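The data block below is upload15.txt; it holds compact mmCIF, C-alpha atoms and all ligand atoms.
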# COMPACT_ATOMS: atom_id res chain seq x y z
CA MET A 7 -29.31 -2.10 27.26
CA GLN A 8 -29.85 1.25 25.73
CA ARG A 9 -31.75 1.32 22.49
CA ILE A 10 -32.24 4.32 20.25
CA ASN A 11 -34.88 4.47 17.56
CA ASN A 12 -33.68 4.10 14.02
CA HIS A 13 -33.00 7.68 13.09
CA PHE A 14 -32.53 6.81 9.44
CA SER A 15 -35.24 4.17 9.11
CA ALA A 16 -37.09 6.08 6.40
CA SER A 17 -34.08 6.41 4.19
CA SER A 18 -32.12 3.31 5.11
CA LEU A 19 -30.35 1.91 2.10
CA TYR A 20 -30.34 -1.73 3.06
CA THR A 21 -33.78 -3.24 2.80
CA TYR A 22 -33.29 -6.57 4.49
CA ASN A 23 -35.87 -7.69 6.97
CA LEU A 24 -34.03 -7.45 10.27
CA PHE A 25 -35.94 -10.32 11.85
CA THR A 26 -35.03 -12.61 8.97
CA MET A 27 -31.47 -11.35 9.07
CA LYS A 28 -31.16 -12.08 12.79
CA THR A 29 -32.50 -15.62 12.43
CA THR A 30 -30.28 -16.30 9.43
CA ALA A 31 -27.33 -14.74 11.18
CA THR A 32 -27.76 -16.96 14.24
CA LEU A 33 -27.82 -20.09 12.10
CA PHE A 34 -24.83 -18.97 10.07
CA LEU A 35 -22.84 -18.01 13.13
CA ALA A 36 -23.40 -21.47 14.58
CA LEU A 37 -22.26 -22.98 11.28
CA ILE A 38 -19.20 -20.76 11.20
CA LEU A 39 -18.14 -21.71 14.69
CA LEU A 40 -18.61 -25.42 13.92
CA THR A 41 -16.68 -25.31 10.67
CA ASN A 42 -13.93 -23.28 12.25
CA CYS A 43 -13.18 -26.26 14.47
CA GLY A 44 -12.00 -28.28 11.50
CA MET A 45 -12.12 -27.91 7.80
CA MET A 46 -11.87 -24.12 7.59
CA LYS A 47 -8.32 -24.34 8.93
CA ASN A 48 -7.23 -25.49 5.50
CA SER A 49 -9.17 -22.92 3.52
CA ALA A 50 -7.42 -19.70 4.40
CA GLU A 51 -7.96 -18.29 0.93
CA LYS A 52 -11.74 -18.58 1.08
CA ALA A 53 -13.77 -15.49 1.76
CA SER A 54 -15.15 -14.98 5.24
CA LEU A 55 -18.48 -16.58 6.02
CA LEU A 56 -19.35 -13.41 7.93
CA THR A 57 -21.13 -11.78 5.00
CA PRO A 58 -22.12 -8.10 5.21
CA GLU A 59 -25.74 -9.16 5.76
CA ILE A 60 -24.77 -11.35 8.73
CA VAL A 61 -22.55 -8.63 10.14
CA LEU A 62 -25.37 -6.06 9.91
CA ALA A 63 -27.76 -8.43 11.67
CA HIS A 64 -25.20 -9.13 14.40
CA LEU A 65 -24.49 -5.41 14.80
CA HIS A 66 -28.20 -4.76 15.35
CA ASN A 67 -28.95 -7.75 17.61
CA GLY A 68 -29.21 -5.63 20.77
CA LYS A 69 -26.52 -7.58 22.64
CA ALA A 70 -23.26 -6.23 24.06
CA LYS A 71 -20.30 -6.69 21.71
CA LYS A 72 -16.70 -7.66 22.45
CA VAL A 73 -14.27 -5.08 21.08
CA ILE A 74 -10.53 -4.70 20.64
CA ILE A 75 -9.44 -1.07 20.29
CA ASP A 76 -6.47 -0.42 17.99
CA SER A 77 -5.53 3.22 18.44
CA ASP A 78 -2.86 5.78 17.50
CA THR A 79 -3.90 7.37 20.75
CA TYR A 80 -1.37 10.20 21.00
CA ASN A 81 -1.68 11.55 17.47
CA GLU A 82 -4.70 13.77 18.19
CA MET A 83 -7.26 14.31 20.95
CA ASP A 84 -10.09 12.17 19.57
CA ASP A 85 -8.69 8.68 20.27
CA GLN A 86 -8.69 9.39 23.99
CA TYR A 87 -12.42 10.20 23.91
CA ALA A 88 -13.07 7.08 21.83
CA VAL A 89 -11.22 4.84 24.31
CA ALA A 90 -13.04 6.35 27.31
CA TYR A 91 -16.38 6.13 25.46
CA ALA A 92 -15.84 2.39 24.95
CA LEU A 93 -14.70 1.82 28.54
CA GLY A 94 -17.77 3.52 29.99
CA ASN A 95 -20.35 2.13 27.59
CA PRO A 96 -22.63 -0.79 28.57
CA ASN A 97 -23.13 -1.95 24.98
CA MET A 98 -19.57 -3.17 24.57
CA GLU A 99 -16.94 -5.11 26.47
CA VAL A 100 -13.39 -3.94 25.80
CA ILE A 101 -11.19 -7.05 25.81
CA SER A 102 -7.89 -5.34 25.02
CA ILE A 103 -6.31 -2.17 23.63
CA ASN A 104 -3.52 -2.00 21.03
CA ALA A 105 -1.16 0.89 20.33
CA ALA A 106 -0.87 1.78 16.63
CA PRO A 107 2.01 3.58 14.89
CA PHE A 108 1.78 7.12 13.53
CA HIS A 109 4.13 9.84 12.36
CA ASN A 110 3.13 13.49 12.44
CA ASP A 111 4.27 16.58 14.32
CA ARG A 112 3.53 14.80 17.63
CA SER A 113 6.05 12.00 16.98
CA THR A 114 9.55 11.64 15.57
CA SER A 115 8.93 8.29 13.82
CA TYR A 116 6.25 5.61 13.46
CA GLU A 117 7.84 3.69 16.32
CA ASP A 118 7.91 6.80 18.49
CA GLY A 119 4.23 7.40 17.63
CA MET A 120 3.36 3.85 18.65
CA GLU A 121 5.31 4.15 21.92
CA LYS A 122 3.67 7.49 22.72
CA SER A 123 0.26 5.97 21.95
CA TYR A 124 1.01 3.10 24.31
CA HIS A 125 1.77 5.56 27.12
CA GLU A 126 -1.27 7.66 26.23
CA ILE A 127 -3.48 4.57 26.55
CA MET A 128 -1.99 4.06 30.04
CA ARG A 129 -2.74 7.70 30.88
CA VAL A 130 -6.36 7.34 29.75
CA LEU A 131 -6.77 4.11 31.73
CA LYS A 132 -5.39 5.79 34.85
CA VAL A 133 -7.69 8.78 34.41
CA CYS A 134 -10.59 6.33 34.15
CA GLY A 135 -9.52 4.51 37.33
CA LYS A 136 -8.28 1.47 35.41
CA ASP A 137 -4.95 -0.15 34.57
CA LYS A 138 -3.36 -2.95 32.54
CA ASN A 139 -4.83 -5.54 34.88
CA ASP A 140 -8.33 -4.41 33.89
CA TYR A 141 -7.62 -4.05 30.18
CA PRO A 142 -4.57 -5.71 28.59
CA VAL A 143 -2.61 -3.19 26.52
CA TRP A 144 -0.29 -4.28 23.71
CA LYS A 145 2.40 -2.50 21.75
CA GLY A 146 1.87 -2.44 18.01
CA SER A 147 4.03 -2.32 14.96
CA PRO A 148 7.12 -0.04 15.09
CA LYS A 149 6.92 0.46 11.34
CA ARG A 150 4.48 0.43 8.44
CA ILE A 151 3.67 -2.47 6.16
CA GLY A 152 4.19 0.14 3.48
CA GLU A 153 7.91 0.26 4.19
CA SER A 154 8.25 -2.92 2.15
CA SER A 155 6.81 -3.18 -1.34
CA ASP A 156 5.49 -6.71 -1.10
CA PHE A 157 2.72 -6.55 1.52
CA THR A 158 4.83 -8.25 4.19
CA PRO A 159 3.03 -8.27 7.57
CA VAL A 160 4.77 -6.80 10.59
CA ALA A 161 4.60 -9.09 13.61
CA SER A 162 3.91 -7.30 16.89
CA PRO A 163 2.34 -8.08 20.27
CA ALA A 164 -0.76 -6.19 19.07
CA ALA A 165 -1.16 -8.25 15.88
CA GLU A 166 -0.56 -11.46 17.81
CA ASN A 167 -3.11 -10.33 20.40
CA ILE A 168 -5.77 -9.93 17.70
CA ILE A 169 -5.02 -13.43 16.38
CA ARG A 170 -5.00 -15.03 19.83
CA LEU A 171 -8.31 -13.47 20.89
CA ALA A 172 -9.97 -14.10 17.53
CA LYS A 173 -9.03 -17.79 17.53
CA LYS A 174 -10.83 -18.44 20.81
CA ALA A 175 -13.81 -16.16 20.12
CA LYS A 176 -17.30 -17.64 20.26
CA GLU A 177 -18.89 -14.46 18.89
CA PRO A 178 -17.51 -12.01 16.35
CA ILE A 179 -15.06 -9.51 17.84
CA TYR A 180 -15.26 -5.92 16.61
CA VAL A 181 -11.77 -4.55 16.05
CA LEU A 182 -12.10 -0.78 16.26
CA CYS A 183 -9.24 0.49 14.13
CA LEU A 184 -8.77 4.18 14.95
CA GLY A 185 -5.55 4.85 13.08
CA ALA A 186 -3.29 3.29 10.49
CA ALA A 187 -4.42 -0.28 9.81
CA THR A 188 -0.92 -1.75 10.25
CA ASN A 189 -1.61 -4.01 13.25
CA VAL A 190 -4.95 -5.26 11.97
CA ALA A 191 -3.82 -5.85 8.38
CA SER A 192 -0.73 -7.67 9.66
CA ALA A 193 -2.92 -9.93 11.81
CA VAL A 194 -5.12 -10.79 8.81
CA LEU A 195 -2.07 -11.57 6.65
CA MET A 196 -0.45 -13.67 9.39
CA GLU A 197 -3.59 -15.69 10.13
CA PRO A 198 -6.27 -15.39 7.41
CA SER A 199 -8.66 -17.71 9.26
CA ILE A 200 -9.45 -14.88 11.71
CA ARG A 201 -11.61 -13.40 8.95
CA ASN A 202 -14.34 -15.69 10.24
CA LYS A 203 -14.05 -14.25 13.76
CA ILE A 204 -13.53 -10.50 13.49
CA VAL A 205 -15.30 -7.47 12.07
CA VAL A 206 -12.94 -4.59 11.37
CA VAL A 207 -14.43 -1.13 11.91
CA TRP A 208 -11.95 1.24 10.30
CA LEU A 209 -11.86 5.02 10.25
CA GLY A 210 -10.14 5.16 6.91
CA THR A 211 -10.46 6.69 3.41
CA ASN A 212 -12.60 9.55 2.17
CA PHE A 213 -15.68 9.06 0.03
CA SER A 214 -14.56 8.42 -3.52
CA ASP A 215 -16.16 11.65 -4.70
CA ALA A 216 -13.49 13.41 -2.67
CA GLY A 217 -10.99 12.33 -5.34
CA HIS A 218 -7.40 11.69 -4.37
CA GLN A 219 -7.13 9.74 -1.13
CA GLY A 220 -5.32 12.00 1.32
CA GLU A 221 -7.13 10.76 4.42
CA PHE A 222 -4.73 10.65 7.38
CA ASN A 223 -5.17 7.05 8.61
CA LEU A 224 -4.89 5.69 5.08
CA VAL A 225 -1.86 7.78 4.19
CA GLN A 226 -0.10 6.65 7.36
CA ASP A 227 0.09 3.11 5.94
CA TYR A 228 -1.35 2.94 2.46
CA ARG A 229 -0.39 -0.73 1.98
CA ALA A 230 -2.29 -1.67 5.14
CA GLY A 231 -5.38 0.07 3.75
CA GLN A 232 -5.05 -1.83 0.48
CA ILE A 233 -4.81 -5.09 2.43
CA LEU A 234 -8.00 -4.36 4.38
CA LEU A 235 -9.91 -3.61 1.19
CA ASN A 236 -8.46 -6.63 -0.68
CA SER A 237 -8.37 -9.29 2.03
CA LYS A 238 -12.10 -10.08 2.26
CA VAL A 239 -11.98 -9.49 6.01
CA PRO A 240 -15.43 -8.33 7.19
CA LEU A 241 -15.08 -4.56 7.05
CA ILE A 242 -17.17 -1.56 8.04
CA LEU A 243 -15.62 1.55 6.56
CA LEU A 244 -16.18 4.93 8.25
CA PRO A 245 -14.93 7.56 5.76
CA ALA A 246 -13.74 10.92 7.07
CA SER A 247 -15.15 13.26 4.45
CA GLY A 248 -16.44 13.80 0.94
CA LYS A 249 -17.65 16.50 -1.39
CA ASP A 250 -21.36 16.08 -0.62
CA ASN A 251 -21.06 14.03 2.53
CA LYS A 252 -19.03 15.14 5.51
CA GLY A 253 -18.48 11.61 6.85
CA THR A 254 -17.16 11.38 10.41
CA GLN A 255 -16.12 15.04 10.19
CA VAL A 256 -19.59 15.94 11.47
CA LEU A 257 -18.49 14.77 14.93
CA SER A 258 -17.23 18.17 16.02
CA VAL A 259 -17.48 19.50 19.56
CA ASP A 260 -17.05 22.89 21.15
CA GLN A 261 -16.69 24.13 24.69
CA GLU A 262 -20.45 24.13 25.31
CA GLU A 263 -21.00 20.59 24.04
CA VAL A 264 -18.18 19.14 26.08
CA LYS A 265 -19.97 20.44 29.22
CA ASN A 266 -22.41 17.57 28.70
CA ILE A 267 -19.78 15.40 30.35
CA LYS A 268 -21.21 15.51 33.87
CA GLY A 269 -19.86 14.92 37.36
CA ASN A 270 -16.54 15.42 39.08
CA SER A 271 -14.82 12.11 38.55
CA ASN A 272 -11.22 12.15 37.31
CA ALA A 273 -12.48 11.07 33.90
CA ALA A 274 -15.14 13.79 33.75
CA LEU A 275 -12.66 16.53 34.73
CA PHE A 276 -10.04 15.24 32.31
CA PHE A 277 -12.33 15.03 29.29
CA ARG A 278 -14.40 18.15 30.06
CA GLU A 279 -11.50 20.44 30.94
CA ARG A 280 -7.92 19.17 30.98
CA LEU A 281 -7.63 17.46 27.60
CA PRO A 282 -9.43 20.22 25.64
CA HIS A 283 -7.24 22.75 27.47
CA GLU A 284 -4.07 20.89 26.41
CA PHE A 285 -5.15 21.15 22.80
CA LYS A 286 -6.40 24.69 23.14
CA GLN A 287 -2.82 25.65 23.97
CA THR A 288 -1.67 24.35 20.59
CA THR A 289 -4.68 25.03 18.37
CA GLY A 290 -5.90 28.24 20.01
CA ASN A 291 -9.54 27.22 20.42
CA TRP A 292 -11.80 24.60 21.96
CA TRP A 293 -13.48 23.56 18.73
CA HIS A 294 -12.41 20.12 17.64
CA ILE A 295 -13.48 17.10 15.62
CA LEU A 296 -13.77 13.80 17.49
CA TRP A 297 -13.69 11.56 14.39
CA ASP A 298 -12.76 8.42 16.32
CA ILE A 299 -15.85 8.30 18.53
CA ALA A 300 -17.64 7.07 15.40
CA ALA A 301 -16.24 3.55 15.89
CA PRO A 302 -17.52 2.85 19.42
CA GLY A 303 -20.58 4.88 18.40
CA LEU A 304 -21.35 2.39 15.65
CA VAL A 305 -21.20 -0.54 18.06
CA SER A 306 -23.26 1.23 20.73
CA CYS A 307 -25.81 3.02 18.52
CA PRO A 308 -25.88 1.34 15.08
CA ASP A 309 -29.26 2.90 14.34
CA ALA A 310 -27.64 6.34 14.35
CA PHE A 311 -25.79 5.31 11.19
CA GLU A 312 -26.97 4.98 7.63
CA LEU A 313 -25.00 2.07 6.18
CA GLU A 314 -24.73 0.62 2.71
CA ILE A 315 -23.33 -2.58 1.27
CA ILE A 316 -20.96 -1.87 -1.61
CA PRO A 317 -18.34 -3.72 -3.66
CA SER A 318 -15.01 -3.19 -1.94
CA PRO A 319 -13.36 -0.34 -3.85
CA VAL A 320 -9.87 -0.66 -5.27
CA LEU A 321 -7.14 1.55 -3.86
CA THR A 322 -4.88 2.16 -6.84
CA GLU A 323 -1.17 2.80 -6.72
CA GLU A 324 -2.05 6.36 -7.77
CA ARG A 325 -3.97 6.67 -4.49
CA ASN A 326 -7.42 6.81 -5.98
CA LEU A 327 -10.46 4.88 -4.80
CA VAL A 328 -11.99 3.13 -7.81
CA LYS A 329 -15.32 1.30 -8.04
CA ASP A 330 -15.25 -2.32 -9.23
CA HIS A 331 -18.57 -4.16 -9.21
CA THR A 332 -16.89 -7.57 -9.51
CA ARG A 333 -15.31 -7.29 -6.07
CA HIS A 334 -16.42 -8.79 -2.74
CA LYS A 335 -18.80 -6.70 -0.60
CA ILE A 336 -18.08 -4.51 2.39
CA ILE A 337 -20.20 -2.20 4.53
CA ARG A 338 -19.67 1.55 4.36
CA MET A 339 -21.10 4.36 6.42
CA LYS A 340 -23.10 6.80 4.37
CA ARG A 341 -24.12 9.15 7.14
CA VAL A 342 -24.07 9.43 10.94
CA ASP A 343 -26.23 11.48 13.30
CA PRO A 344 -23.62 13.40 15.34
CA LYS A 345 -26.07 14.45 18.07
CA ILE A 346 -26.84 10.84 19.01
CA ILE A 347 -23.20 9.78 19.03
CA ARG A 348 -21.95 12.83 20.95
CA ALA A 349 -24.68 12.36 23.58
CA ASP A 350 -23.93 8.64 23.93
CA ALA A 351 -20.18 9.28 24.16
CA PHE A 352 -20.52 11.97 26.83
CA ARG A 353 -23.04 9.90 28.81
CA SER A 354 -20.63 6.93 28.74
CA ILE A 355 -17.65 9.03 29.85
CA SER A 356 -19.77 10.58 32.62
CA ALA A 357 -20.45 7.06 33.92
CA LEU A 358 -16.75 6.28 34.44
CA CA B 1 -6.97 8.04 15.68

Can you dump the structure from the file as structure tokens?
Ligand SMILES: [Ca+2]
Amino acid sequence: MQRINNHFSASSLYTYNLFTMKTTATLFLALILLTNCGMMKNSAEKASLLTPEIVLAHLHNGKAKKVIIDSDTYNEMDDQYAVAYALGNPNMEVISINAAPFHNDRSTSYEDGMEKSYHEIMRVLKVCGKDKNDYPVWKGSPKRIGESSDFTPVASPAAENIIRLAKKAKEPIYVLCLGAATNVASAVLMEPSIRNKIVVVWLGTNFSDAGHQGEFNLVQDYRAGQILLNSKVPLILLPASGKDNKGTQVLSVDQEEVKNIKGNSNAALFFRERLPHEFKQTTGNWWHILWDIAAPGLVSCPDAFELEIIPSPVLTEERNLVKDHTRHKIIRMKRVDPKIIRADAFRSISAL
């Protein structure tokens, strides 16, 4: 398994001894799995036993992780790279892929965005020499949780897939949420006990110093974002941008960088030439930000990230992110080394 030295070791914000964390995490994970067999079924309102410290230790344990990808794949050109990155990477095992809703100028409605994402996932799988028999693909919600005012979950094959896989998991599953959090938040509302089995990695929000929360994935389903931050589900937040911190926006690529995808496989040709060319026709240049590769990047190369444990911020009805030190804790990315993640992504895609 590939290991990369801790790029941020000198300035890392969390000071826990990793050896102690790993030992503690192993014991706690065993306890969690035992208690899940019985009494925890009746304690849905309790917080997850997967504390941020245990999640950090598990993330850094050097073992391959099981992941579910939940992706608004057609909305941009970064989800496709993120999916291929995960498929070609030895540090994770993709156990299924969900289509998420979105509505922008590439869709006529949230349902249309979800349907187009479903077909885009199929296109990416085909390009990578795979199909539904290799990786189950599920349709997600046709609408937002935010279309009702009372936080009502939206049942979908994708949400039910998360619940089904989480219930039988023997190790935490990382749910890589690359778009609106509708499917994931619905799954947590429908079956709160999965909070002991999943870790949600969400590309959502901006850093609070960016002020008003206009981040795309959050705006797509604001209620779903509120649910993730309120539900006590284990959460690793990957913000897009901030005033003094660029967040995942540092993951830009240009025509020269994309040439680091090597070989002449269908996947290599698609991601080095065809997909950037498709977007060049609409944007006029090759330069692009691949925000979503941050999520598989975190699972594959956690040492390339500077992470901090913070009280889960409150998303107000006025769409501001407000600190509240009385709240439960989550993990948030402070900084990522884009060179490490780009290199790992392109190496993984080259291996397809
Ligand atoms: Ca996305």

Quiz prompt | Within-8 Å residues of ligand CA 1 (chain B), basis all atoms listed in the file, as a VMD selection string | solution = chain A and resid 77 to 79 81 to 82 84 to 85 184 to 186 209 223 297 to 298

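Across the structure, CA of Asp343 (chain A) and CA of Leu244 (chain A) are spaced 13.0 Å apart.
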
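Of the residues listed (A:Ala246, A:Val89, A:Ile315, A:Val264), A:Val89 shows the shortest atom-to-atom separation from Gly303 (chain A); distances use all atoms listed in the file.
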
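Closest approach to Ile127 (chain A) from the set A:Lys286, A:Lys145, A:Arg353, A:Arg170 is made by A:Lys145, with distances taken over all atoms listed in the file.
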
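Between CA of Ile355 (chain A) and CA of Lys265 (chain A) there is a distance of 11.7 Å.
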
Give one line per residue of region 104-128 of chain A that approaches region 138-141 of chain A to at most 12 Å, naming the two atoms of the closest pair and their distance in Å to one decimal, counting all atoms listed in the file; sort by chain then ascending residue number and deliver it as a tab-separated table.
residue	atom	partner	partner_atom	distance
A:Asn104	CA	A:Tyr141	CA	10.2
A:Tyr124	CA	A:Lys138	CA	11.1
A:His125	CA	A:Lys138	CA	11.3
A:Ile127	CA	A:Lys138	CA	9.6
A:Met128	CA	A:Lys138	CA	7.6
